[in-house]
Each structure stands twice: as structure tokens, then as C-alpha cells.
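Accompanying notes for the structure given below.
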Amino acid sequence: MSFLKDTSTNPKADNLKTGRLGENLAKRYLQRKGFRIIDENYRTKFAEIDLIAQFKDTLVFVEVRTKIGEQFGMPEESLNRKKINKVIKNAQMYIKYKNYTGKHRIDSVCIVLNENKKLIRLNHYENITL
């Protein structure tokens, strides 16, 4: 009998890799739309904000949701009120820390990849807290 650790797959590590891939896709997409990325993976005790960007005169906090396939639900479905409230609190902390007084909003970029991690779709939702 072997007591070697199973190294075949690590679901948590796979999820992190998928999440980072989605964040990179979202970052490039937003940059092509004219967003200037200011910060990435900003953490406080509340949560993490995936991307913080400047778009024209507005500071934009971006939550990225990435899924492989949609057989177990769409990435949009994982954006519940609890998650959005965490992002709002985190954004408020960032604004206070930076003494920012201008316009701001929270957007989401939802991404679906195929099993080979190639992009199937990317949707950008602006001002998701309305």
C-alpha cells in the first residue's frame, strides 16, 4: 500500500489558476475599452477586489467571475448580495484610505471558458449595485 500524496489534481489550486486567468482576460478587455488599471487583488479584512481601474473621471472597482463551462451555472449567478456587499465595503475602505472624493462605481466582468480554458464569452456589467 502506498502512502504517497495524490498529486493528480488540486481543485483549489485549479480554481485559483482559473480565477487568475479570468482576471487577466478581464484586465486586457478593460484596457482595450480605455480603462487604466490602477491596482489588482486589493485586499482588506472584508474581501478582495480583483481590479481597480480609472475610466474617464470614474474610479471603477471590478469583480471578475470566471467559470469553466456553464453546466453548473453561469458566473453571473455567483454574484449574490452578500458578495456585492463585501465588494462595496472593500471599495469604501479603498476610497477612505486613498482620500478619494470623485465618482466611483462597481462593475463585474463575467467570463466563461471551455474545458481547454479558451474564452467562450465575456460580459461586462456596469454599476452592478443599482
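Residues in the C-alpha cells are named by chain (A, B, ... in the order shown) and by number from 1 within that chain; ligands are numbered from 1 in the order shown.
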
Name all residues at most 12 Å from Asn80 of chain A (count only C-alpha atoms; drop same-chain ones fewer than 3 positions away) and give them as an MDAnalysis selection string.
-> chainID A and resid 63 65 75:77 83:87 108 128:129

Strand (DSSP E) per DSSP on the backbone: members of chain A, as a ChimeraX atom specification = /A:36-43,48-55,58-68,103-113,119-125

So which one's closest to Gln92 of chain A, A:Ile106, A:Val112, A:Ile37, A:Ala26? Using only C-alpha atoms, please.
->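 Among A:Ile106, A:Val112, A:Ile37, A:Ala26, it is A:Ile106 that comes nearest to Gln92 of chain A.
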
Nearest to Leu16 of chain A, chosen from A:Tyr94, A:Phe35, A:Thr66, A:Phe46, with only C-alpha atoms counted in the distances |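 Looking only at the distances to Leu16 of chain A, the closest residue turns out to be A:Thr66.
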
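Take atom CA of Glu70 of chain A and atom CA of Val109 of chain A: the distance between them is 15.4 Å.
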
Hey, which of A:Tyr97, A:Cys110, A:Lys45, A:Met74 ends up closest to His124 of chain A? Count only C-alpha atoms.
->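 Checking each candidate against His124 of chain A, we get A:Cys110 as the closest.
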
Would you please work out which residue, of A:Thr18, A:Asn24, A:Asn127, A:Tyr29, is nearest to Glu115 of chain A when using only C-alpha atoms?
-> A:Thr18

Atomic distance atom CA of Gln54 of chain A - atom CA of Ile68 of chain A, expressed in Å with one decimal =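 Pair atom CA of Gln54 of chain A / atom CA of Ile68 of chain A returns 28.5 Å.
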
Of the residues A:Asn114, A:Gln31, A:Ser78, A:Asn90, which is the one nearest to Asp50 of chain A, using only C-alpha atoms?
->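 Closest residue, counting only C-alpha atoms: A:Asn90.
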